[in-house]
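The structure file upload-v5.txt is reproduced below (compact mmCIF, C-alpha atoms and all ligand atoms).
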```txt
# COMPACT_ATOMS: atom_id res chain seq x y z
CA MET A 1 -60.76 -19.92 12.31
CA MET A 2 -64.50 -19.90 12.89
CA ARG A 3 -65.75 -18.17 15.99
CA GLY A 4 -69.24 -18.44 17.41
CA PRO A 5 -71.41 -15.29 17.40
CA ALA A 6 -71.33 -15.12 21.19
CA LYS A 7 -67.77 -13.84 21.14
CA LEU A 8 -68.37 -11.20 18.51
CA GLY A 9 -69.69 -7.69 18.69
CA ARG A 10 -73.15 -6.74 17.54
CA ARG A 11 -72.12 -5.70 14.02
CA SER A 12 -70.08 -8.82 13.58
CA VAL A 13 -73.07 -10.92 14.53
CA TRP A 14 -75.01 -9.34 11.70
CA LYS A 15 -72.16 -9.95 9.30
CA TRP A 16 -71.90 -13.52 10.44
CA ALA A 17 -75.61 -14.07 10.04
CA ALA A 18 -75.63 -12.45 6.63
CA GLY A 19 -72.77 -14.67 5.56
CA LEU A 20 -74.59 -17.72 6.77
CA ALA A 21 -77.75 -16.66 4.94
CA ALA A 22 -75.77 -16.12 1.75
CA LEU A 23 -74.25 -19.57 2.08
CA LEU A 24 -77.67 -21.11 2.62
CA ALA A 25 -79.11 -19.26 -0.32
CA LEU A 26 -76.25 -20.47 -2.47
CA SER A 27 -76.71 -24.09 -1.54
CA LEU A 28 -80.46 -23.87 -2.03
CA GLY A 29 -79.89 -22.21 -5.37
CA ALA A 30 -77.66 -25.10 -6.25
CA VAL A 31 -80.41 -27.60 -5.56
CA ALA A 32 -82.89 -25.49 -7.48
CA GLY A 33 -80.57 -24.75 -10.36
CA GLY A 34 -80.34 -28.25 -11.63
CA SER A 35 -77.65 -29.42 -13.96
CA GLY A 36 -75.56 -26.93 -15.80
CA ASP A 37 -77.22 -23.63 -14.99
CA GLY A 38 -76.07 -21.46 -12.11
CA ALA A 39 -72.49 -22.45 -12.73
CA THR A 40 -71.49 -18.83 -12.58
CA MET A 41 -72.83 -18.38 -9.07
CA SER A 42 -70.05 -20.15 -7.31
CA SER A 43 -67.62 -22.69 -8.50
CA ARG A 44 -66.88 -23.65 -4.91
CA THR A 45 -70.35 -24.99 -4.19
CA PRO A 46 -71.04 -28.47 -5.46
CA LYS A 47 -74.44 -28.99 -7.02
CA PRO A 48 -76.53 -32.04 -7.66
CA THR A 49 -76.52 -33.03 -11.29
CA LEU A 50 -80.24 -33.43 -11.53
CA VAL A 51 -81.90 -34.37 -14.78
CA ILE A 52 -85.61 -33.69 -14.72
CA GLU A 53 -87.14 -35.71 -17.49
CA LYS A 54 -90.64 -34.30 -17.57
CA GLY A 55 -90.81 -31.77 -14.79
CA GLU A 56 -92.46 -28.88 -16.55
CA ARG A 57 -96.00 -29.33 -15.38
CA CYS A 58 -95.89 -30.93 -11.98
CA VAL A 59 -99.04 -31.37 -9.93
CA GLU A 60 -98.11 -28.37 -7.76
CA ASP A 61 -95.70 -25.43 -8.09
CA THR A 62 -92.07 -26.40 -8.28
CA ALA A 63 -91.20 -24.41 -5.17
CA TYR A 64 -94.04 -26.02 -3.27
CA MET A 65 -93.06 -29.50 -4.44
CA ARG A 66 -89.48 -28.97 -3.34
CA ARG A 67 -90.52 -28.21 0.19
CA ASN A 68 -93.60 -30.36 0.55
CA HIS A 69 -93.38 -33.44 -1.65
CA MET A 70 -92.80 -35.59 1.41
CA LYS A 71 -95.90 -34.24 3.12
CA LEU A 72 -98.01 -34.86 0.05
CA LEU A 73 -96.68 -38.38 -0.24
CA MET A 74 -97.24 -39.09 3.43
CA HIS A 75 -100.82 -37.89 3.19
CA GLN A 76 -101.48 -39.88 0.08
CA ARG A 77 -99.92 -43.02 1.48
CA ASP A 78 -102.20 -43.02 4.51
CA ASP A 79 -105.24 -42.30 2.39
CA THR A 80 -104.34 -45.10 0.03
CA VAL A 81 -103.47 -47.80 2.51
CA HIS A 82 -106.18 -47.11 5.07
CA LYS A 83 -109.02 -45.65 3.05
CA GLY A 84 -108.42 -47.16 -0.37
CA ILE A 85 -108.32 -43.74 -2.03
CA ARG A 86 -106.33 -44.30 -5.17
CA THR A 87 -106.31 -40.98 -6.95
CA GLU A 88 -103.36 -40.29 -9.17
CA LYS A 89 -102.51 -36.72 -8.39
CA HIS A 90 -100.12 -37.11 -5.48
CA SER A 91 -99.41 -40.80 -5.82
CA LEU A 92 -95.87 -42.10 -5.77
CA GLN A 93 -96.59 -44.07 -8.93
CA ASN A 94 -97.56 -40.87 -10.66
CA CYS A 95 -94.24 -39.27 -9.65
CA ILE A 96 -92.37 -42.23 -11.07
CA ASN A 97 -94.34 -42.37 -14.28
CA CYS A 98 -93.39 -38.78 -14.97
CA HIS A 99 -89.89 -38.52 -13.56
CA ALA A 100 -88.28 -41.89 -14.27
CA SER A 101 -85.06 -41.45 -16.20
CA SER A 102 -85.18 -42.18 -19.90
CA LYS A 103 -81.82 -43.92 -19.55
CA ASN A 104 -82.54 -46.58 -16.98
CA ASN A 105 -86.32 -46.16 -16.67
CA SER A 106 -85.97 -45.54 -12.96
CA VAL A 107 -85.83 -42.79 -10.37
CA LEU A 108 -82.85 -44.52 -8.80
CA GLY A 109 -79.59 -45.93 -9.99
CA THR A 110 -77.38 -42.96 -10.70
CA ASP A 111 -76.87 -39.60 -9.03
CA GLU A 112 -78.51 -37.97 -12.02
CA ASN A 113 -81.84 -39.64 -11.44
CA PHE A 114 -84.73 -37.62 -10.19
CA CYS A 115 -85.15 -38.77 -6.60
CA GLN A 116 -81.65 -40.00 -5.94
CA SER A 117 -79.76 -36.91 -7.07
CA CYS A 118 -81.24 -34.49 -4.55
CA HIS A 119 -81.45 -37.02 -1.79
CA SER A 120 -77.85 -38.07 -2.02
CA TYR A 121 -76.84 -34.41 -2.33
CA ALA A 122 -78.73 -33.51 0.80
CA ALA A 123 -77.78 -36.80 2.51
CA VAL A 124 -81.41 -37.53 3.26
CA LYS A 125 -82.01 -41.25 3.40
CA LEU A 126 -84.47 -42.50 0.84
CA ASP A 127 -86.08 -45.77 1.89
CA CYS A 128 -89.30 -45.64 -0.12
CA TRP A 129 -87.62 -47.93 -2.62
CA ASP A 130 -86.93 -50.68 -0.14
CA CYS A 131 -90.55 -51.63 -0.81
CA HIS A 132 -91.83 -49.57 -3.73
CA ALA A 133 -90.87 -50.24 -7.32
CA SER A 134 -88.63 -47.49 -8.64
CA LYS A 135 -89.73 -48.12 -12.21
CA PRO A 136 -93.03 -47.33 -13.90
CA LYS A 137 -95.44 -50.17 -14.36
CA GLN A 138 -95.02 -51.95 -17.67
CA GLN A 139 -97.73 -51.11 -20.10
CA ALA A 140 -100.07 -53.69 -21.58
CA THR A 141 -101.67 -54.40 -18.27
CA ALA A 142 -105.15 -53.86 -19.59
CA PRO A 143 -107.79 -54.42 -16.95
CA ALA A 144 -108.55 -58.09 -16.66
CA PRO A 145 -111.80 -59.22 -18.26
CA ALA A 146 -114.59 -58.80 -15.80
CA LEU A 147 -116.08 -62.08 -14.73
CA ALA A 148 -119.43 -61.46 -13.18
CA VAL A 149 -122.14 -59.34 -14.73
CA GLY A 150 -121.91 -56.89 -11.89
CA MET A 151 -118.21 -56.55 -12.44
CA ALA A 152 -118.72 -55.96 -16.15
CA ALA A 153 -121.09 -53.17 -15.35
CA THR A 154 -118.83 -51.50 -12.84
CA ALA A 155 -115.66 -51.73 -14.88
CA GLY A 156 -116.88 -49.42 -17.63
CA GLY A 157 -115.00 -46.18 -18.07
CA LYS A 158 -113.45 -46.10 -14.64
CA GLN A 159 -109.79 -46.63 -13.91
CA MET B 160 -116.53 -80.98 -13.67
CA ASN B 161 -113.93 -82.16 -16.06
CA GLU B 162 -116.24 -84.46 -18.00
CA LYS B 163 -118.61 -81.60 -18.50
CA ASN B 164 -115.91 -79.43 -19.98
CA ALA B 165 -114.99 -82.18 -22.39
CA ASN B 166 -118.50 -82.22 -23.80
CA PRO B 167 -118.63 -79.97 -26.90
CA ILE B 168 -122.32 -79.30 -26.57
CA ASP B 169 -121.91 -78.10 -23.07
CA GLN B 170 -119.04 -75.92 -24.14
CA ASP B 171 -121.18 -74.27 -26.77
CA ARG B 172 -123.89 -73.75 -24.28
CA ARG B 173 -121.42 -72.30 -21.90
CA GLN B 174 -120.07 -69.87 -24.47
CA PHE B 175 -123.59 -68.81 -25.29
CA LEU B 176 -124.32 -68.21 -21.64
CA THR B 177 -121.11 -66.24 -21.19
CA ALA B 178 -121.91 -64.12 -24.19
CA SER B 179 -125.43 -63.39 -23.05
CA ALA B 180 -124.17 -62.56 -19.58
CA ALA B 181 -121.71 -60.10 -21.08
CA MET B 182 -124.48 -58.53 -23.14
CA ALA B 183 -126.64 -58.20 -20.10
CA GLY B 184 -123.74 -56.44 -18.44
CA VAL B 185 -123.43 -54.00 -21.31
CA ALA B 186 -127.14 -53.35 -21.37
CA ILE B 187 -127.16 -52.48 -17.73
CA ALA B 188 -123.86 -50.66 -17.74
CA PRO B 189 -125.03 -47.22 -18.94
CA GLY B 190 -127.19 -46.86 -15.84
CA VAL B 191 -125.47 -46.26 -12.53
CA LEU B 192 -127.75 -48.75 -10.89
CA LEU B 193 -125.49 -51.78 -10.66
CA TYR B 194 -122.52 -49.61 -9.93
CA ASN B 195 -124.25 -48.32 -6.84
CA ILE B 196 -125.68 -51.56 -5.64
CA ALA B 197 -122.70 -53.67 -6.41
CA HIS B 198 -119.44 -52.60 -4.95
CA GLY B 199 -117.57 -49.96 -6.81
CA LYS B 200 -116.63 -46.68 -5.26
CA PRO B 201 -115.19 -43.62 -6.96
CA ALA B 202 -111.39 -43.51 -6.70
CA ASP B 203 -111.44 -40.43 -4.49
CA GLN B 204 -113.92 -41.81 -1.97
CA PRO B 205 -112.86 -43.74 1.13
CA VAL B 206 -114.01 -47.30 1.59
CA SER B 207 -117.00 -47.69 3.87
CA ASN B 208 -118.53 -50.44 5.93
CA ALA B 209 -121.52 -50.53 3.62
CA VAL B 210 -119.46 -53.15 1.83
CA ARG B 211 -117.92 -56.21 3.39
CA TRP B 212 -115.70 -58.09 1.01
CA GLY B 213 -115.69 -61.82 1.30
CA MET B 214 -114.86 -65.05 -0.44
CA LEU B 215 -116.73 -68.29 -0.67
CA ILE B 216 -114.75 -71.39 -1.50
CA ASP B 217 -116.67 -74.31 -2.90
CA THR B 218 -114.56 -77.28 -1.90
CA ASN B 219 -116.47 -79.55 -4.27
CA GLN B 220 -115.15 -77.57 -7.23
CA CYS B 221 -111.60 -77.28 -5.95
CA ARG B 222 -109.36 -79.87 -7.65
CA GLU B 223 -106.69 -81.84 -5.91
CA GLY B 224 -103.31 -81.01 -7.41
CA CYS B 225 -104.50 -77.74 -8.98
CA ASP B 226 -102.63 -74.73 -7.68
CA ALA B 227 -103.77 -72.09 -10.17
CA CYS B 228 -104.79 -69.77 -7.35
CA VAL B 229 -101.47 -70.08 -5.55
CA LYS B 230 -99.52 -69.39 -8.73
CA ALA B 231 -101.68 -66.44 -9.69
CA CYS B 232 -101.29 -64.95 -6.22
CA GLY B 233 -97.51 -65.19 -6.39
CA GLU B 234 -97.42 -63.65 -9.82
CA GLU B 235 -99.77 -60.81 -9.00
CA ASN B 236 -98.16 -59.91 -5.72
CA GLY B 237 -94.59 -60.60 -6.69
CA PHE B 238 -93.23 -63.56 -4.81
CA GLY B 239 -92.03 -67.00 -5.65
CA HIS B 240 -94.05 -70.14 -5.68
CA GLY B 241 -93.16 -71.11 -2.16
CA THR B 242 -90.10 -72.96 -3.34
CA ARG B 243 -87.72 -71.58 -0.76
CA GLU B 244 -88.33 -71.86 2.94
CA THR B 245 -88.26 -68.10 3.27
CA ASP B 246 -90.68 -67.36 0.45
CA SER B 247 -93.90 -65.67 1.41
CA GLN B 248 -97.10 -67.64 1.33
CA TRP B 249 -100.30 -65.66 1.08
CA ILE B 250 -102.37 -68.61 -0.02
CA ARG B 251 -101.70 -72.34 0.19
CA LYS B 252 -103.46 -75.51 -0.80
CA VAL B 253 -104.33 -77.68 2.17
CA GLU B 254 -105.25 -81.36 1.97
CA LEU B 255 -107.78 -82.59 4.49
CA LYS B 256 -108.42 -86.27 5.15
CA ASP B 257 -111.25 -87.82 7.05
CA MET B 258 -109.42 -90.54 8.94
CA ARG B 259 -112.46 -92.80 9.17
CA SER B 260 -113.69 -92.69 5.62
CA GLY B 261 -110.38 -91.91 3.98
CA GLN B 262 -112.05 -89.15 1.97
CA THR B 263 -109.84 -86.24 1.08
CA LYS B 264 -110.51 -82.63 0.26
CA SER B 265 -108.17 -80.11 -1.19
CA LEU B 266 -108.80 -76.44 -0.60
CA PRO B 267 -107.05 -73.10 -0.54
CA VAL B 268 -106.49 -71.30 2.75
CA MET B 269 -105.46 -67.68 3.00
CA CYS B 270 -105.95 -64.78 5.40
CA GLN B 271 -109.55 -65.19 6.52
CA HIS B 272 -110.13 -61.46 6.93
CA CYS B 273 -111.72 -61.76 10.37
CA ALA B 274 -114.18 -59.17 11.55
CA GLU B 275 -112.40 -59.46 14.91
CA PRO B 276 -108.80 -60.03 13.81
CA PRO B 277 -106.42 -61.27 16.52
CA CYS B 278 -103.48 -59.82 14.56
CA VAL B 279 -104.94 -56.35 14.98
CA ASP B 280 -105.47 -56.94 18.69
CA VAL B 281 -101.85 -57.83 19.33
CA CYS B 282 -100.05 -55.49 16.94
CA PRO B 283 -98.13 -53.02 19.11
CA THR B 284 -97.79 -50.34 16.44
CA GLY B 285 -101.16 -50.23 14.73
CA ALA B 286 -99.67 -51.59 11.52
CA SER B 287 -102.15 -54.46 11.40
CA PHE B 288 -105.54 -53.01 10.76
CA LYS B 289 -108.90 -53.72 9.24
CA ARG B 290 -110.22 -51.51 6.48
CA ALA B 291 -113.78 -50.31 6.77
CA ASP B 292 -114.78 -52.78 4.07
CA GLY B 293 -113.46 -55.73 6.05
CA ILE B 294 -110.09 -56.30 4.36
CA VAL B 295 -107.37 -56.96 6.93
CA LEU B 296 -104.03 -55.43 5.96
CA VAL B 297 -100.54 -54.62 7.19
CA ASP B 298 -99.47 -51.01 6.81
CA ARG B 299 -95.83 -51.60 5.92
CA HIS B 300 -94.98 -48.00 6.67
CA ILE B 301 -95.69 -48.72 10.31
CA CYS B 302 -94.81 -52.42 10.72
CA ILE B 303 -91.68 -52.99 12.78
CA GLY B 304 -91.48 -56.68 11.95
CA CYS B 305 -92.00 -57.90 15.50
CA ARG B 306 -94.15 -60.78 14.20
CA TYR B 307 -96.61 -60.77 17.10
CA CYS B 308 -99.37 -60.93 14.51
CA MET B 309 -97.94 -64.12 13.04
CA MET B 310 -98.12 -65.72 16.46
CA ALA B 311 -101.66 -64.52 17.02
CA CYS B 312 -103.12 -65.66 13.70
CA PRO B 313 -105.00 -68.95 14.09
CA TYR B 314 -104.69 -69.63 10.35
CA LYS B 315 -100.94 -69.22 9.95
CA ALA B 316 -101.81 -66.77 7.25
CA ARG B 317 -98.96 -64.32 7.60
CA SER B 318 -95.41 -64.39 6.28
CA PHE B 319 -92.33 -62.40 7.17
CA VAL B 320 -90.17 -60.99 4.39
CA HIS B 321 -86.63 -62.14 5.08
CA GLU B 322 -84.81 -61.01 1.99
CA ARG B 323 -84.31 -57.79 0.13
CA ILE B 324 -86.84 -57.49 -2.68
CA THR B 325 -86.47 -55.76 -6.02
CA ASP B 326 -88.70 -55.35 -9.06
CA GLN B 327 -91.94 -55.29 -7.18
CA ASN B 328 -95.27 -54.85 -8.87
CA PRO B 329 -95.74 -51.07 -8.46
CA ASP B 330 -99.23 -51.77 -7.15
CA VAL B 331 -97.94 -54.13 -4.49
CA PRO B 332 -95.07 -52.64 -2.51
CA ARG B 333 -93.23 -55.33 -0.55
CA GLY B 334 -90.05 -55.12 1.43
CA ILE B 335 -87.65 -56.74 3.83
CA GLY B 336 -88.50 -56.69 7.51
CA CYS B 337 -92.26 -56.48 7.17
CA VAL B 338 -95.01 -58.96 7.77
CA GLU B 339 -97.49 -59.51 4.96
CA SER B 340 -100.48 -61.62 4.06
CA CYS B 341 -103.34 -61.92 1.59
CA THR B 342 -104.76 -58.49 0.84
CA MET B 343 -107.63 -59.84 -1.25
CA CYS B 344 -105.68 -58.05 -4.00
CA VAL B 345 -106.87 -54.79 -2.53
CA HIS B 346 -105.28 -52.81 -5.38
CA ARG B 347 -107.49 -54.68 -7.84
CA VAL B 348 -110.60 -54.61 -5.69
CA ASP B 349 -110.36 -50.83 -5.45
CA ARG B 350 -110.51 -50.79 -9.25
CA ASP B 351 -113.53 -53.07 -9.39
CA GLN B 352 -111.52 -56.09 -10.42
CA GLN B 353 -111.54 -59.50 -8.79
CA PRO B 354 -108.64 -60.89 -6.76
CA ALA B 355 -106.06 -62.72 -8.88
CA CYS B 356 -106.79 -66.13 -7.33
CA VAL B 357 -110.50 -65.87 -8.08
CA GLU B 358 -109.80 -64.98 -11.66
CA ALA B 359 -107.25 -67.76 -12.09
CA CYS B 360 -109.57 -70.37 -10.61
CA ALA B 361 -112.33 -69.36 -13.00
CA LYS B 362 -109.90 -69.42 -15.89
CA ALA B 363 -108.79 -72.92 -14.93
CA GLY B 364 -112.43 -73.91 -15.32
CA HIS B 365 -113.15 -74.67 -11.68
CA GLY B 366 -114.77 -71.50 -10.42
CA ALA B 367 -114.28 -72.70 -6.88
CA ILE B 368 -113.77 -69.23 -5.40
CA ILE B 369 -116.43 -66.54 -5.47
CA PHE B 370 -115.59 -63.03 -4.42
CA GLY B 371 -118.12 -60.37 -3.55
CA ASN B 372 -119.90 -58.14 -1.13
CA LEU B 373 -121.30 -60.09 1.81
CA ASN B 374 -123.47 -57.14 2.82
CA ASP B 375 -125.32 -57.02 -0.47
CA PRO B 376 -128.14 -59.58 -0.44
CA ASN B 377 -128.21 -59.49 -4.25
CA SER B 378 -124.56 -60.42 -4.72
CA GLU B 379 -123.86 -63.95 -5.83
CA ILE B 380 -121.81 -64.69 -2.76
CA ALA B 381 -124.54 -63.58 -0.36
CA LYS B 382 -127.14 -65.58 -2.26
CA ARG B 383 -125.02 -68.70 -2.17
CA ILE B 384 -124.39 -68.32 1.55
CA ALA B 385 -128.10 -67.86 2.14
CA GLN B 386 -128.91 -70.93 0.07
CA TYR B 387 -126.27 -73.45 1.02
CA ALA B 388 -124.67 -74.61 4.23
CA THR B 389 -121.29 -72.97 4.54
CA MET B 390 -118.80 -72.87 7.36
CA GLU B 391 -115.95 -70.86 8.81
CA LEU B 392 -112.64 -72.38 9.72
CA ARG B 393 -112.35 -72.68 13.48
CA ALA B 394 -115.82 -71.23 13.89
CA ASP B 395 -115.41 -71.82 17.63
CA LEU B 396 -113.11 -68.81 17.79
CA LYS B 397 -116.03 -66.58 16.79
CA LEU B 398 -113.92 -64.29 14.66
CA ASN B 399 -116.62 -63.76 12.02
CA LEU B 400 -114.52 -64.53 8.97
CA GLY B 401 -114.72 -62.95 5.56
CA VAL B 402 -113.80 -66.29 3.95
CA ARG B 403 -116.28 -69.16 4.05
CA TYR B 404 -116.16 -72.75 2.84
CA GLN B 405 -118.89 -74.77 1.24
CA GLY B 406 -119.11 -78.50 0.67
CA PHE B 407 -118.09 -80.21 3.88
S1 LIG A 501 -95.04 -57.63 12.67
FE1 LIG A 501 -95.80 -55.63 12.03
S2 LIG A 501 -97.99 -55.94 11.67
FE2 LIG A 501 -97.27 -57.72 12.84
S3 LIG A 501 -97.66 -57.22 14.98
FE3 LIG A 501 -95.55 -56.55 14.56
S4 LIG A 501 -95.74 -54.41 13.92
FE4 LIG A 501 -97.81 -55.29 13.81
```
Written as structure tokens, that's how I'd like the structure from this file.
Amino acid sequence: MMRGPAKLGRRSVWKWAAGLAALLALSLGAVAGGSGDGATMSSRTPKPTLVIEKGERCVEDTAYMRRNHMKLLMHQRDDTVHKGIRTEKHSLQNCINCHASSKNNSVLGTDENFCQSCHSYAAVKLDCWDCHASKPKQQATAPAPALAVGMAATAGGKQ
Amino acid sequence: MNEKNANPIDQDRRQFLTASAAMAGVAIAPGVLLYNIAHGKPADQPVSNAVRWGMLIDTNQCREGCDACVKACGEENGFGHGTRETDSQWIRKVELKDMRSGQTKSLPVMCQHCAEPPCVDVCPTGASFKRADGIVLVDRHICIGCRYCMMACPYKARSFVHERITDQNPDVPRGIGCVESCTMCVHRVDRDQQPACVEACAKAGHGAIIFGNLNDPNSEIAKRIAQYATMELRADLKLNLGVRYQGF
């Protein structure tokens, strides 16, 4: 039976807190561990079976991305929609281009896919994909031929 | 004109002109001059009100029965060709008839990108907004789908997305429960490309739509507006539209 800390003595509170911290650390480790590794830590803790296709050199540290990817995306989304700033670094399209699964070419679809695995593990609703494409843009979309002279001049070397 | 296109000599002449125009573009390209004057902005810079994007539609060039612009819009932005009642319509061909003379005109109508947009006035969430460069947009992250803006728009320019959408163009996120309308292909404009409808119309040989910076007196659109009589739809509403029509 679980008892709240209020009913316990001082030492028990510490024990209880330490236990809780250990549990937290375990579950975080599970998220961080990815598929396969960390299996020795605890067989009782389920882990997401995350397959990171190309995660080695992300735009920020892995630890930072884990905690802050949503903030980066939120910032970028407002900059893009309202100010027309379309840099690649923190763009959702950039995430997808790098992390889409090699199996179904998407970040959604199975619980092994990059976004879906952690989100379904953590039961955090993921509604970006109600509107955004979950697949990278098909190649061969070369910039359309510029029509006006001015356009021709501006199109050079900038994408 | 169709007859003109059929004339081989004119076609040659046209190709020559196109080629020389392209060469002129290349010759000027190494300098930053045109880049600065014209419209482009570096990808990491915010849009500014130094530019005001606009369109000029020459109704004399627009062909009855041609819907190249409508098709191109649907393809670029990822919706059907207005075949179902619930399909979005960002641009539509409208037939006008002078009841006395019987004369008809056919012209495209889309979001007019008002300087004083009524949709922005009524939107309770701030989702409808005008970019600094005059493009009126819906921020779908904020839109709650109340559709006030659809009621407020004098041009019936906005659509509501009724069905779940998949396989969007990654550049054009669209989803159920949001209102949407012509964005002037903002994702292309930000990359110094023309809106899809403008390109399609030129490709179809009509060139009835010109896109450009209204604030730049050297842009083709500004020159044409200075030279010819053009009008705004429902000019009495004094909304200062980004889309103008020529040839009435
Ligand atoms: S439908 Fe969306 S954009 Fe239109 S008024 Fe309502 S919240 Fe604003």
Would you mind listing, for every residue of chain B within 12 Å of ligand LIG 501 (chain A), the two atoms forming the shortest contact and the distance between them in Å to one decimal, using all atoms listed in the file, sorted by chain and ascending residue number, as a Markdown table?
```
| residue | atom | partner | partner_atom | distance |
| --- | --- | --- | --- | --- |
| B:Pro276 | CA | A:LIG501 | S3 | 11.5 |
| B:Pro277 | CA | A:LIG501 | S3 | 9.8 |
| B:Cys278 | CA | A:LIG501 | S3 | 6.4 |
| B:Val279 | CA | A:LIG501 | FE4 | 7.3 |
| B:Asp280 | CA | A:LIG501 | S3 | 8.7 |
| B:Val281 | CA | A:LIG501 | S3 | 6.1 |
| B:Cys282 | CA | A:LIG501 | S3 | 3.5 |
| B:Pro283 | CA | A:LIG501 | FE4 | 5.8 |
| B:Thr284 | CA | A:LIG501 | S4 | 5.2 |
| B:Gly285 | CA | A:LIG501 | FE4 | 6.1 |
| B:Ala286 | CA | A:LIG501 | S2 | 4.7 |
| B:Ser287 | CA | A:LIG501 | S2 | 4.4 |
| B:Phe288 | CA | A:LIG501 | S2 | 8.1 |
| B:Lys289 | CA | A:LIG501 | S2 | 11.4 |
| B:Val295 | CA | A:LIG501 | S2 | 10.6 |
| B:Leu296 | CA | A:LIG501 | S2 | 8.3 |
| B:Val297 | CA | A:LIG501 | S2 | 5.3 |
| B:Asp298 | CA | A:LIG501 | S2 | 7.1 |
| B:Arg299 | CA | A:LIG501 | FE1 | 7.3 |
| B:His300 | CA | A:LIG501 | FE1 | 9.4 |
| B:Ile301 | CA | A:LIG501 | S4 | 6.7 |
| B:Cys302 | CA | A:LIG501 | FE1 | 3.6 |
| B:Ile303 | CA | A:LIG501 | S4 | 4.4 |
| B:Gly304 | CA | A:LIG501 | S1 | 3.8 |
| B:Cys305 | CA | A:LIG501 | FE3 | 3.9 |
| B:Arg306 | CA | A:LIG501 | S1 | 3.6 |
| B:Tyr307 | CA | A:LIG501 | S3 | 4.3 |
| B:Cys308 | CA | A:LIG501 | S3 | 4.1 |
| B:Met309 | CA | A:LIG501 | FE2 | 6.4 |
| B:Met310 | CA | A:LIG501 | S3 | 8.6 |
| B:Ala311 | CA | A:LIG501 | S3 | 8.6 |
| B:Cys312 | CA | A:LIG501 | FE2 | 9.9 |
| B:Ala316 | CA | A:LIG501 | FE2 | 11.6 |
| B:Arg317 | CA | A:LIG501 | FE2 | 8.6 |
| B:Ser318 | CA | A:LIG501 | S1 | 9.3 |
| B:Phe319 | CA | A:LIG501 | S1 | 7.8 |
| B:Val320 | CA | A:LIG501 | S1 | 10.2 |
| B:Ile335 | CA | A:LIG501 | S1 | 11.6 |
| B:Gly336 | CA | A:LIG501 | S1 | 8.4 |
| B:Cys337 | CA | A:LIG501 | FE1 | 6.1 |
| B:Val338 | CA | A:LIG501 | S1 | 5.1 |
| B:Glu339 | CA | A:LIG501 | S2 | 7.6 |
| B:Ser340 | CA | A:LIG501 | S2 | 9.8 |
```
In Å, with one decimal, what is the gap from CA of Arg57 (chain A) to CA of Gly84 (chain A)? 26.4 Å
Give me the residues within 8 Å of Ser134 (chain A) as a PyMOL selection string, counting only C-alpha atoms and dropping any in the same chain fewer than 4 places off. (chain A and resi 96+100+106-108+129) or (chain B and resi 326+329)
Separation of CA of Met390 (chain B) from CA of Ser378 (chain B) in Å: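 That distance, rounded to one decimal, is 18.3 Å.
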For CA of Tyr314 (chain B) and CA of Cys270 (chain B), quote the distance in Å rounded to one decimal.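 Rounded to one decimal, the two atoms are 7.0 Å apart.
Summary of the local environment: counting all atoms listed in the file, residues at most 8 Å from Glu53 (chain A), other than itself and those fewer than 2 positions away along its chain, are Val51, Gly55, Cys98, His99, Ala100, Ser101, Ser102 and Phe114 of chain A.
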Up to 12 Å from (-118.9, -59.5, 2.2) in the file's coordinates: name the residues, counting all atoms listed in the file, as a ChimeraX atom specification. /B:197-198,208-215,271-274,291-294,343,369-384,399-403
